[in-house]
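Just upload_22.txt here, compact mmCIF, C-alpha atoms:
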```txt
# COMPACT_ATOMS: atom_id res chain seq x y z
CA MET H 1 161.14 -151.98 192.09
CA SER H 2 163.93 -152.86 194.52
CA LYS H 3 163.71 -151.71 198.15
CA ILE H 4 165.92 -149.15 199.86
CA LYS H 5 167.89 -151.30 202.31
CA ILE H 6 168.55 -149.63 205.67
CA ALA H 7 170.20 -150.55 208.95
CA ILE H 8 168.99 -148.92 212.18
CA VAL H 9 170.92 -148.18 215.36
CA GLY H 10 168.49 -147.96 218.30
CA ILE H 11 165.17 -149.82 218.05
CA GLY H 12 163.28 -147.36 220.23
CA ASN H 13 160.12 -145.35 219.75
CA CYS H 14 161.39 -143.52 216.66
CA ALA H 15 162.34 -146.75 214.90
CA SER H 16 159.00 -148.25 215.92
CA SER H 17 157.06 -145.37 214.34
CA LEU H 18 159.14 -145.47 211.16
CA ILE H 19 158.69 -149.21 210.67
CA GLN H 20 154.99 -149.06 211.51
CA GLY H 21 154.66 -146.31 208.91
CA ILE H 22 156.32 -148.35 206.16
CA TYR H 23 153.51 -150.90 206.48
CA TYR H 24 150.72 -148.45 207.34
CA TYR H 25 151.02 -146.78 203.94
CA LYS H 26 150.97 -150.03 201.97
CA ASP H 27 147.20 -149.84 201.59
CA LYS H 28 147.16 -146.10 200.89
CA ASN H 29 147.38 -144.02 197.76
CA PRO H 30 148.62 -140.45 197.25
CA GLU H 31 145.11 -139.03 197.58
CA ASP H 32 144.34 -140.43 201.06
CA ALA H 33 147.84 -140.76 202.56
CA ILE H 34 147.70 -138.41 205.53
CA GLY H 35 150.92 -137.38 207.26
CA LEU H 36 153.42 -137.40 204.40
CA MET H 37 155.32 -134.46 202.98
CA HIS H 38 156.09 -136.43 199.79
CA TRP H 39 154.37 -139.53 198.47
CA LYS H 40 157.01 -140.13 195.82
CA ILE H 41 160.69 -139.23 195.96
CA GLY H 42 162.51 -140.46 192.88
CA ASP H 43 161.07 -143.89 192.19
CA TRP H 44 160.25 -144.64 195.82
CA ASP H 45 157.04 -144.34 197.76
CA PRO H 46 156.91 -144.71 201.60
CA THR H 47 156.65 -148.50 201.45
CA ASP H 48 159.82 -149.01 199.40
CA ILE H 49 162.07 -149.26 202.48
CA GLU H 50 163.37 -152.48 204.03
CA VAL H 51 165.18 -152.91 207.35
CA VAL H 52 168.00 -155.39 206.75
CA ALA H 53 170.01 -154.90 209.98
CA ALA H 54 169.27 -153.55 213.45
CA PHE H 55 171.33 -152.81 216.57
CA ASP H 56 170.34 -152.18 220.18
CA ILE H 57 171.66 -152.85 223.70
CA ASP H 58 168.43 -153.70 225.58
CA GLU H 59 167.93 -157.32 226.61
CA ARG H 60 164.24 -157.15 225.62
CA LYS H 61 165.21 -156.36 222.02
CA VAL H 62 168.57 -158.02 221.36
CA GLY H 63 167.98 -161.43 219.81
CA LYS H 64 164.37 -160.62 218.92
CA THR H 65 163.17 -160.12 215.37
CA VAL H 66 162.58 -156.51 214.35
CA ASP H 67 158.79 -156.90 214.26
CA GLU H 68 158.87 -158.02 217.93
CA ALA H 69 161.52 -155.56 219.11
CA ILE H 70 159.69 -152.42 217.96
CA PHE H 71 156.88 -153.17 220.44
CA ALA H 72 159.11 -154.27 223.34
CA LYS H 73 159.55 -152.21 226.50
CA PRO H 74 160.53 -149.53 227.22
CA ASN H 75 158.97 -148.41 223.91
CA CYS H 76 155.78 -146.51 224.62
CA THR H 77 154.78 -144.72 221.43
CA THR H 78 151.35 -144.98 219.84
CA ILE H 79 150.72 -148.21 217.96
CA PHE H 80 148.96 -147.16 214.76
CA GLN H 81 149.95 -150.24 212.74
CA ALA H 82 149.83 -153.35 214.93
CA GLU H 83 150.11 -155.85 212.07
CA ILE H 84 153.74 -156.05 211.01
CA PRO H 85 154.93 -158.98 208.86
CA LYS H 86 157.30 -161.39 210.53
CA SER H 87 160.85 -160.16 209.97
CA ASP H 88 163.84 -162.38 209.27
CA VAL H 89 166.14 -159.72 210.73
CA THR H 90 167.28 -160.22 214.32
CA VAL H 91 168.35 -157.28 216.46
CA SER H 92 172.10 -157.46 217.06
CA MET H 93 173.91 -156.40 220.23
CA GLY H 94 175.81 -153.17 219.68
CA PRO H 95 178.56 -151.74 221.87
CA VAL H 96 177.18 -149.76 224.81
CA LEU H 97 179.96 -147.14 224.95
CA ASP H 98 178.31 -143.96 226.33
CA GLY H 99 174.85 -144.86 225.06
CA VAL H 100 173.34 -145.39 228.52
CA SER H 101 173.49 -142.66 231.14
CA GLU H 102 174.28 -143.94 234.62
CA HIS H 103 171.25 -142.25 236.21
CA MET H 104 168.85 -144.43 234.17
CA ALA H 105 169.66 -147.37 236.47
CA ASP H 106 167.61 -145.61 239.17
CA PHE H 107 164.29 -146.07 237.34
CA GLU H 108 161.87 -149.00 237.08
CA GLU H 109 162.81 -151.44 234.34
CA ASP H 110 159.57 -150.95 232.38
CA TYR H 111 160.62 -147.35 231.74
CA THR H 112 164.38 -147.54 231.36
CA PHE H 113 167.07 -149.48 229.49
CA LYS H 114 168.13 -152.98 230.61
CA VAL H 115 171.54 -153.67 229.12
CA ALA H 116 171.80 -157.17 227.69
CA ASP H 117 174.52 -159.49 228.93
CA GLU H 118 175.81 -160.12 225.42
CA GLU H 119 179.02 -159.52 223.53
CA PRO H 120 178.69 -156.82 220.86
CA VAL H 121 178.74 -158.01 217.28
CA ASP H 122 181.21 -156.84 214.67
CA VAL H 123 179.08 -153.95 213.42
CA VAL H 124 180.96 -153.35 210.16
CA LYS H 125 180.84 -157.04 209.26
CA THR H 126 177.12 -157.20 210.07
CA LEU H 127 176.44 -154.14 207.93
CA LYS H 128 178.36 -155.55 204.99
CA GLU H 129 176.67 -158.95 205.20
CA SER H 130 173.21 -157.40 205.46
CA GLY H 131 173.47 -155.52 202.18
CA ALA H 132 172.46 -152.25 203.86
CA GLU H 133 172.84 -149.10 201.78
CA ILE H 134 172.14 -146.57 204.54
CA LEU H 135 172.81 -146.55 208.29
CA LEU H 136 170.19 -144.65 210.31
CA SER H 137 171.25 -143.52 213.79
CA TYR H 138 168.66 -143.15 216.57
CA LEU H 139 171.17 -143.16 219.44
CA PRO H 140 170.19 -141.41 222.71
CA VAL H 141 171.03 -137.75 223.26
CA GLY H 142 174.54 -137.30 224.66
CA SER H 143 175.97 -140.48 223.11
CA GLU H 144 179.00 -138.69 221.72
CA GLU H 145 181.34 -141.68 221.61
CA ALA H 146 178.70 -144.05 220.25
CA ALA H 147 177.65 -141.56 217.56
CA ARG H 148 181.19 -141.30 216.25
CA PHE H 149 181.67 -145.07 216.46
CA TYR H 150 178.65 -145.78 214.26
CA ALA H 151 179.50 -142.98 211.83
CA GLN H 152 182.91 -144.61 211.37
CA CYS H 153 181.20 -147.99 210.94
CA ALA H 154 179.16 -146.54 208.07
CA LEU H 155 182.36 -145.29 206.45
CA ASP H 156 184.13 -148.62 206.95
CA ALA H 157 181.15 -150.54 205.57
CA GLU H 158 180.96 -148.03 202.70
CA ILE H 159 177.31 -147.12 203.16
CA ALA H 160 175.48 -143.78 203.46
CA TYR H 161 174.64 -142.29 206.84
CA ILE H 162 171.67 -140.43 208.36
CA ASN H 163 172.24 -138.93 211.80
CA CYS H 164 168.95 -138.32 213.62
CA MET H 165 170.51 -137.44 216.98
CA PRO H 166 172.24 -134.27 218.22
CA VAL H 167 175.91 -135.10 217.96
CA PHE H 168 177.40 -133.02 215.18
CA ILE H 169 178.66 -135.45 212.57
CA VAL H 170 177.27 -134.47 209.17
CA SER H 171 177.56 -130.74 209.95
CA ASP H 172 181.22 -131.18 210.97
CA PRO H 173 183.60 -130.39 208.05
CA GLU H 174 186.05 -133.08 209.15
CA TRP H 175 183.40 -135.81 209.01
CA ASP H 176 182.04 -134.37 205.77
CA ALA H 177 185.52 -134.74 204.27
CA LYS H 178 185.56 -138.42 205.32
CA PHE H 179 182.25 -139.14 203.60
CA ARG H 180 183.37 -137.22 200.50
CA GLU H 181 186.56 -139.26 200.36
CA LYS H 182 184.53 -142.48 200.47
CA GLY H 183 182.04 -141.19 197.88
CA LEU H 184 179.10 -141.53 200.28
CA PRO H 185 176.21 -139.13 200.99
CA ALA H 186 175.26 -138.14 204.55
CA VAL H 187 172.22 -136.42 206.08
CA GLY H 188 172.14 -134.74 209.51
CA ASP H 189 172.15 -133.66 212.28
CA ASP H 190 169.28 -134.00 214.82
CA ILE H 191 165.92 -134.80 213.28
CA LYS H 192 163.08 -132.27 213.33
CA ALA H 193 159.42 -133.14 213.64
CA GLN H 194 156.91 -132.40 210.91
CA ILE H 195 155.06 -130.02 213.24
CA GLY H 196 157.03 -129.92 216.48
CA ALA H 197 158.50 -127.50 218.97
CA THR H 198 161.48 -126.45 216.84
CA ILE H 199 159.69 -125.93 213.53
CA THR H 200 156.88 -124.02 215.30
CA HIS H 201 159.37 -121.82 217.17
CA ARG H 202 161.29 -121.14 213.94
CA THR H 203 158.11 -120.27 212.05
CA LEU H 204 156.92 -117.80 214.69
CA SER H 205 160.41 -116.28 215.00
CA ASN H 206 160.55 -115.78 211.25
CA LEU H 207 157.07 -114.23 211.38
CA PHE H 208 158.29 -111.69 213.97
CA LYS H 209 161.18 -110.80 211.64
CA GLU H 210 159.04 -110.50 208.53
CA ARG H 211 156.39 -108.39 210.29
CA GLY H 212 158.90 -105.97 211.82
CA VAL H 213 158.44 -107.07 215.44
CA LYS H 214 161.46 -107.03 217.75
CA LEU H 215 161.78 -110.29 219.70
CA ASP H 216 163.16 -109.47 223.16
CA HIS H 217 162.78 -112.72 225.11
CA THR H 218 161.72 -116.26 224.32
CA TYR H 219 161.70 -119.69 225.88
CA GLN H 220 160.76 -123.19 224.79
CA ILE H 221 160.23 -125.74 227.56
CA ASN H 222 159.35 -129.35 226.78
CA THR H 223 158.16 -132.30 228.85
CA GLY H 224 157.70 -135.95 227.93
CA GLY H 225 157.64 -139.45 229.35
CA ASN H 226 159.75 -141.57 226.99
CA THR H 227 163.33 -142.78 227.49
CA ASP H 228 164.59 -139.75 225.56
CA PHE H 229 163.26 -137.41 228.25
CA MET H 230 164.46 -139.71 231.02
CA ASN H 231 167.92 -139.76 229.46
CA MET H 232 167.96 -135.96 229.27
CA LEU H 233 167.52 -135.63 233.04
CA ASN H 234 171.31 -135.90 233.00
CA ARG H 235 172.06 -132.29 232.08
CA ARG H 236 175.69 -133.13 231.27
CA ARG H 237 174.44 -134.93 228.15
CA LEU H 238 172.54 -131.92 226.84
CA ASP H 239 175.20 -129.54 225.48
CA SER H 240 174.81 -130.51 221.84
CA LYS H 241 171.02 -130.87 222.12
CA LYS H 242 170.60 -127.36 223.51
CA GLU H 243 172.98 -125.95 220.92
CA SER H 244 171.12 -127.73 218.12
CA LYS H 245 167.67 -126.52 219.17
CA THR H 246 168.81 -122.99 220.01
CA GLU H 247 170.75 -122.53 216.77
CA ALA H 248 167.72 -123.69 214.78
CA VAL H 249 165.81 -120.67 216.12
CA GLN H 250 168.70 -118.17 216.21
CA SER H 251 169.41 -118.84 212.54
CA VAL H 252 166.08 -117.40 211.35
CA LEU H 253 166.22 -114.18 213.41
CA ALA H 254 167.09 -110.79 211.93
CA GLU H 255 169.86 -110.56 214.54
CA ARG H 256 171.07 -113.08 217.08
CA MET H 257 169.61 -112.80 220.56
CA ASP H 258 171.73 -112.48 223.66
CA PRO H 259 172.01 -115.95 225.26
CA HIS H 260 170.39 -114.57 228.42
CA ASP H 261 167.25 -113.70 226.44
CA ILE H 262 166.65 -117.07 224.80
CA HIS H 263 166.15 -120.39 226.58
CA ILE H 264 165.42 -123.53 224.59
CA GLY H 265 165.75 -127.02 225.92
CA PRO H 266 164.19 -130.05 227.55
CA SER H 267 162.68 -129.38 230.93
CA ASP H 268 161.47 -132.50 232.68
CA TYR H 269 160.50 -136.15 232.53
CA VAL H 270 156.83 -136.91 233.23
CA PRO H 271 156.33 -140.71 233.05
CA TRP H 272 152.59 -140.74 232.39
CA GLN H 273 153.04 -138.62 229.25
CA LYS H 274 154.84 -141.58 227.61
CA ASP H 275 155.72 -140.61 224.02
CA ASN H 276 153.56 -137.50 224.15
CA LYS H 277 155.64 -134.33 224.13
CA VAL H 278 154.21 -131.07 225.45
CA CYS H 279 155.91 -127.81 224.46
CA PHE H 280 155.38 -124.55 226.32
CA LEU H 281 156.48 -121.64 224.16
CA ARG H 282 156.63 -117.97 225.12
CA MET H 283 157.71 -115.01 222.99
CA GLU H 284 157.91 -111.39 224.17
CA GLY H 285 158.37 -108.65 221.63
CA ARG H 286 157.73 -105.04 220.69
CA THR H 287 155.66 -103.87 217.77
CA PHE H 288 154.75 -100.42 216.35
CA GLY H 289 155.74 -97.62 218.71
CA ASP H 290 157.74 -100.04 220.91
CA VAL H 291 154.42 -101.28 222.27
CA PRO H 292 154.87 -104.72 223.92
CA MET H 293 153.16 -107.90 222.74
CA GLU H 294 153.37 -111.53 223.89
CA ILE H 295 152.60 -114.98 222.53
CA GLU H 296 152.11 -118.06 224.69
CA LEU H 297 151.54 -121.39 223.00
CA ARG H 298 151.04 -124.97 224.17
CA LEU H 299 151.79 -127.71 221.64
CA SER H 300 151.07 -131.41 222.27
CA VAL H 301 152.35 -134.05 219.84
CA GLU H 302 153.16 -137.76 219.78
CA ASP H 303 156.91 -137.35 219.46
CA SER H 304 158.11 -140.35 217.47
CA PRO H 305 155.57 -140.51 214.60
CA ASN H 306 156.16 -136.77 214.24
CA SER H 307 159.85 -137.36 213.48
CA ALA H 308 159.19 -140.43 211.32
CA GLY H 309 157.44 -138.21 208.78
CA CYS H 310 160.75 -136.42 208.26
CA VAL H 311 162.97 -139.52 208.37
CA ILE H 312 161.00 -141.28 205.64
CA ASP H 313 161.89 -138.38 203.31
CA ALA H 314 165.51 -138.29 204.49
CA ILE H 315 165.94 -141.98 203.61
CA ARG H 316 164.58 -141.56 200.10
CA CYS H 317 166.60 -138.41 199.41
CA CYS H 318 169.71 -140.19 200.69
CA LYS H 319 169.00 -143.01 198.23
CA LEU H 320 168.77 -140.40 195.46
CA GLY H 321 172.19 -139.18 196.58
CA LEU H 322 173.58 -142.70 196.30
CA GLU H 323 172.10 -143.18 192.84
CA ARG H 324 173.50 -139.87 191.63
CA GLY H 325 176.96 -140.50 193.07
CA ILE H 326 176.85 -137.51 195.42
CA ALA H 327 179.46 -137.57 198.18
CA GLY H 328 179.29 -135.77 201.53
CA GLN H 329 176.61 -133.52 202.97
CA LEU H 330 173.19 -133.53 201.33
CA THR H 331 172.46 -129.94 202.29
CA SER H 332 168.93 -129.57 200.90
CA ILE H 333 167.24 -132.42 202.77
CA SER H 334 169.41 -131.77 205.84
CA SER H 335 168.21 -128.15 206.03
CA TYR H 336 164.62 -129.33 205.54
CA VAL H 337 164.42 -132.08 208.18
CA MET H 338 167.32 -131.50 210.59
CA LYS H 339 167.75 -129.01 213.46
CA HIS H 340 171.52 -128.64 213.00
CA PRO H 341 172.19 -129.03 209.27
CA PRO H 342 175.44 -128.02 207.56
CA ILE H 343 173.67 -124.92 206.18
CA GLN H 344 170.80 -123.12 207.95
CA VAL H 345 168.21 -121.50 205.68
CA THR H 346 164.59 -120.44 206.17
CA ASP H 347 162.03 -123.22 206.06
CA ASP H 348 160.49 -121.90 202.84
CA GLU H 349 163.91 -121.93 201.17
CA ALA H 350 164.63 -125.39 202.53
CA ALA H 351 161.36 -126.75 201.13
CA ALA H 352 162.10 -125.22 197.71
CA ASN H 353 165.62 -126.65 197.75
CA VAL H 354 164.34 -130.15 198.49
CA GLU H 355 161.94 -129.96 195.54
CA ALA H 356 164.80 -128.78 193.34
CA PHE H 357 167.02 -131.62 194.57
CA ILE H 358 164.33 -134.24 193.99
CA ASN H 359 163.76 -132.90 190.46
CA GLY H 360 167.49 -132.92 189.73
CA ASP H 361 167.77 -129.14 189.50
CA LEU H 362 170.00 -128.83 192.59
CA GLU H 363 173.15 -130.92 193.04
CA ARG H 364 172.84 -131.63 196.76
```
Translate this file's structure into structure tokens.
Amino acid sequence: MSKIKIAIVGIGNCASSLIQGIYYYKDKNPEDAIGLMHWKIGDWDPTDIEVVAAFDIDERKVGKTVDEAIFAKPNCTTIFQAEIPKSDVTVSMGPVLDGVSEHMADFEEDYTFKVADEEPVDVVKTLKESGAEILLSYLPVGSEEAARFYAQCALDAEIAYINCMPVFIVSDPEWDAKFREKGLPAVGDDIKAQIGATITHRTLSNLFKERGVKLDHTYQINTGGNTDFMNMLNRRRLDSKKESKTEAVQSVLAERMDPHDIHIGPSDYVPWQKDNKVCFLRMEGRTFGDVPMEIELRLSVEDSPNSAGCVIDAIRCCKLGLERGIAGQLTSISSYVMKHPPIQVTDDEAAANVEAFINGDLER
């Protein structure tokens, strides 16, 4: 069985968890494989993925092989699969563009990005020469220019695209039209976790709706200690992130909440948390007889492995899209694993749609 060949932009914690997972599940079988939503999608199990190209801008990763780069600083996620075969793929220097916020220069180098003194490669040429079928984007939040650059690179290299970060590419009709014109599938935008802040908030919000409880006020506040949270200290980079997370919750409510009554977004950077993300969730509502009720919840997760469980399904569904000649938005898997998909549906409906897509009963 041939591998699904992917290229990755951003060899950070999320890429590290994904690549570790590809090898972690090699010695597993469907009965004892914890942490997967699907063992098999089409003909591919979790190990049938190969990284054939990689791009980053950090001097501790550029020029290193992928197996070395995923454990290089400032990566700080849990290492659950330390033994990674030696890769023959070297991390290439990508264009910086707006990928590094200026405030990150104020932090110690072990925790922040160190931009390599290298000339960027020709990304399209590198993608074509690598044989990649799918480009996976893990760019930092707020990298609007860089996100569009790499999306265009995927189009120019004629490969599929998965957008894991909150710049609205796949959910934008203009970009969708470009991928349709090229005959390429795309999945996005902004990856969810398997059990994370957004999916938990959505589930509880839907529960309020289904049980006839009026939700009056809610907030979701998150803290973490990885470069993602450091990057998000620059509030000017957060517009699309806040919109993505807020819309994911608003979309499951019986009626949209006034913006003053709902607050969802990153809160602060706590270095010692590393890749651990802590979510503080509060919901205030009224039940029978307008009697008030409240929920307060604290959720603690290792952020990057949590998202990798969704990405490993997105990759395999995207490959199905390629095999079936589907062009443009893959709406079923996007609604299932992304915060800002082209179409928002309930999580139960999204799960059913993915099963239908995998079985060939739903076009996209």
query: Could you name the residues that touch stretch 133-136 of chain H at 8 Å or less, counting all atoms listed in the file, but leaving out those on the same chain fewer than 5 positions away, as a PyMOL selection string?
result: chain H and resi 4-9+154+159-164+315+318-319
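Counting all atoms listed in the file and comparing H:Arg298, H:Asn231, H:Gly285, H:Asp275, the residue that lies closest to H:Asp106 is H:Asn231.
Of the residues listed (H:Asn359, H:Asn13, H:Ser267, H:Ser300), H:Asn13 shows the shortest atom-to-atom separation from H:Tyr138; distances use only C-alpha atoms.
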If you count only C-alpha atoms, which residues fall within 7 Å of H:Gly35, apart from same-chain ones fewer than 2 positions away, as a JSON list (two decimals) with C-alpha atoms, keeping the file's coordinate frame?
```json
[["chain", "number", "residue", "atom", "x", "y", "z"],
["H", 33, "ALA", "CA", 147.84, -140.76, 202.56],
["H", 37, "MET", "CA", 155.32, -134.46, 202.98],
["H", 309, "GLY", "CA", 157.44, -138.21, 208.78]]
```
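Straight-line separation from atom CA of H:Glu158 to atom CA of H:Lys339: 25.5 Å.
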Give me the residues within 12 Å of H:Ser87 as a PDB file with C-alpha atoms, in the frame of the given file, counting all atoms listed in the file and dropping any in the same chain fewer than 4 places off.
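Printed below is out_3.pdb as written:
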```
ATOM      1  CA  ILE H  19     158.690-149.210 210.670  1.00  0.00           C
ATOM      2  CA  GLU H  50     163.370-152.480 204.030  1.00  0.00           C
ATOM      3  CA  VAL H  51     165.180-152.910 207.350  1.00  0.00           C
ATOM      4  CA  VAL H  52     168.000-155.390 206.750  1.00  0.00           C
ATOM      5  CA  ALA H  53     170.010-154.900 209.980  1.00  0.00           C
ATOM      6  CA  ALA H  54     169.270-153.550 213.450  1.00  0.00           C
ATOM      7  CA  LYS H  64     164.370-160.620 218.920  1.00  0.00           C
ATOM      8  CA  THR H  65     163.170-160.120 215.370  1.00  0.00           C
ATOM      9  CA  VAL H  66     162.580-156.510 214.350  1.00  0.00           C
ATOM     10  CA  ASP H  67     158.790-156.900 214.260  1.00  0.00           C
ATOM     11  CA  GLU H  68     158.870-158.020 217.930  1.00  0.00           C
ATOM     12  CA  ALA H  69     161.520-155.560 219.110  1.00  0.00           C
ATOM     13  CA  ILE H  70     159.690-152.420 217.960  1.00  0.00           C
ATOM     14  CA  GLU H  83     150.110-155.850 212.070  1.00  0.00           C
ATOM     15  CA  VAL H  91     168.350-157.280 216.460  1.00  0.00           C
TER      16      VAL H  91
END
```
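Distances from H:Arg148, H:Lys128, H:Lys245, H:Arg282 to H:Ile199 were compared using all atoms listed in the file, and the smallest one belongs to H:Lys245.
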Write a file for stretch 308-317 of chain H of the given structure; include all heavy atoms and format it as a compact mmCIF listing (two decimals), in the first residue's frame.
```txt
# COMPACT_ATOMS: atom_id res chain seq x y z
N ALA H 308 -3.77 16.53 16.91
CA ALA H 308 -3.24 15.54 15.97
C ALA H 308 -4.25 14.43 15.70
O ALA H 308 -4.31 13.87 14.60
CB ALA H 308 -1.94 14.96 16.48
N GLY H 309 -5.07 14.11 16.72
CA GLY H 309 -6.09 13.10 16.53
C GLY H 309 -7.12 13.48 15.49
O GLY H 309 -7.77 12.61 14.88
N CYS H 310 -7.32 14.78 15.30
CA CYS H 310 -8.22 15.26 14.25
C CYS H 310 -7.51 15.37 12.90
O CYS H 310 -8.07 15.04 11.86
CB CYS H 310 -8.80 16.62 14.65
SG CYS H 310 -9.97 16.54 16.03
N VAL H 311 -6.26 15.83 12.93
CA VAL H 311 -5.52 16.02 11.68
C VAL H 311 -5.28 14.70 10.97
O VAL H 311 -5.35 14.63 9.73
CB VAL H 311 -4.17 16.74 11.96
CG1 VAL H 311 -3.31 16.78 10.70
CG2 VAL H 311 -4.42 18.15 12.46
N ILE H 312 -5.05 13.64 11.72
CA ILE H 312 -4.75 12.35 11.09
C ILE H 312 -5.97 11.83 10.32
O ILE H 312 -5.82 11.11 9.33
CB ILE H 312 -4.25 11.34 12.14
CG1 ILE H 312 -3.30 10.33 11.50
CG2 ILE H 312 -5.39 10.69 12.91
CD1 ILE H 312 -2.40 9.61 12.47
N ASP H 313 -7.18 12.24 10.74
CA ASP H 313 -8.38 11.92 9.96
C ASP H 313 -8.54 12.87 8.78
O ASP H 313 -8.96 12.45 7.69
CB ASP H 313 -9.62 12.02 10.86
CG ASP H 313 -9.82 10.78 11.72
OD1 ASP H 313 -8.89 9.95 11.79
OD2 ASP H 313 -10.89 10.64 12.32
N ALA H 314 -8.22 14.14 8.99
CA ALA H 314 -8.32 15.12 7.90
C ALA H 314 -7.43 14.73 6.73
O ALA H 314 -7.83 14.84 5.56
CB ALA H 314 -7.96 16.51 8.41
N ILE H 315 -6.23 14.27 7.02
CA ILE H 315 -5.29 13.88 5.95
C ILE H 315 -5.86 12.73 5.14
O ILE H 315 -5.86 12.75 3.90
CB ILE H 315 -3.93 13.48 6.56
CG1 ILE H 315 -3.22 14.71 7.15
CG2 ILE H 315 -3.04 12.80 5.51
CD1 ILE H 315 -2.01 14.38 8.00
N ARG H 316 -6.39 11.72 5.83
CA ARG H 316 -6.88 10.54 5.11
C ARG H 316 -8.17 10.83 4.34
O ARG H 316 -8.36 10.32 3.23
CB ARG H 316 -7.06 9.38 6.10
CG ARG H 316 -5.69 8.88 6.62
CD ARG H 316 -5.84 7.75 7.61
NE ARG H 316 -6.39 8.19 8.89
CZ ARG H 316 -6.86 7.35 9.81
NH1 ARG H 316 -6.87 6.05 9.57
NH2 ARG H 316 -7.31 7.82 10.96
N CYS H 317 -9.02 11.69 4.89
CA CYS H 317 -10.22 12.09 4.13
C CYS H 317 -9.85 12.94 2.92
O CYS H 317 -10.48 12.84 1.86
CB CYS H 317 -11.19 12.85 5.04
SG CYS H 317 -12.11 11.78 6.18
```
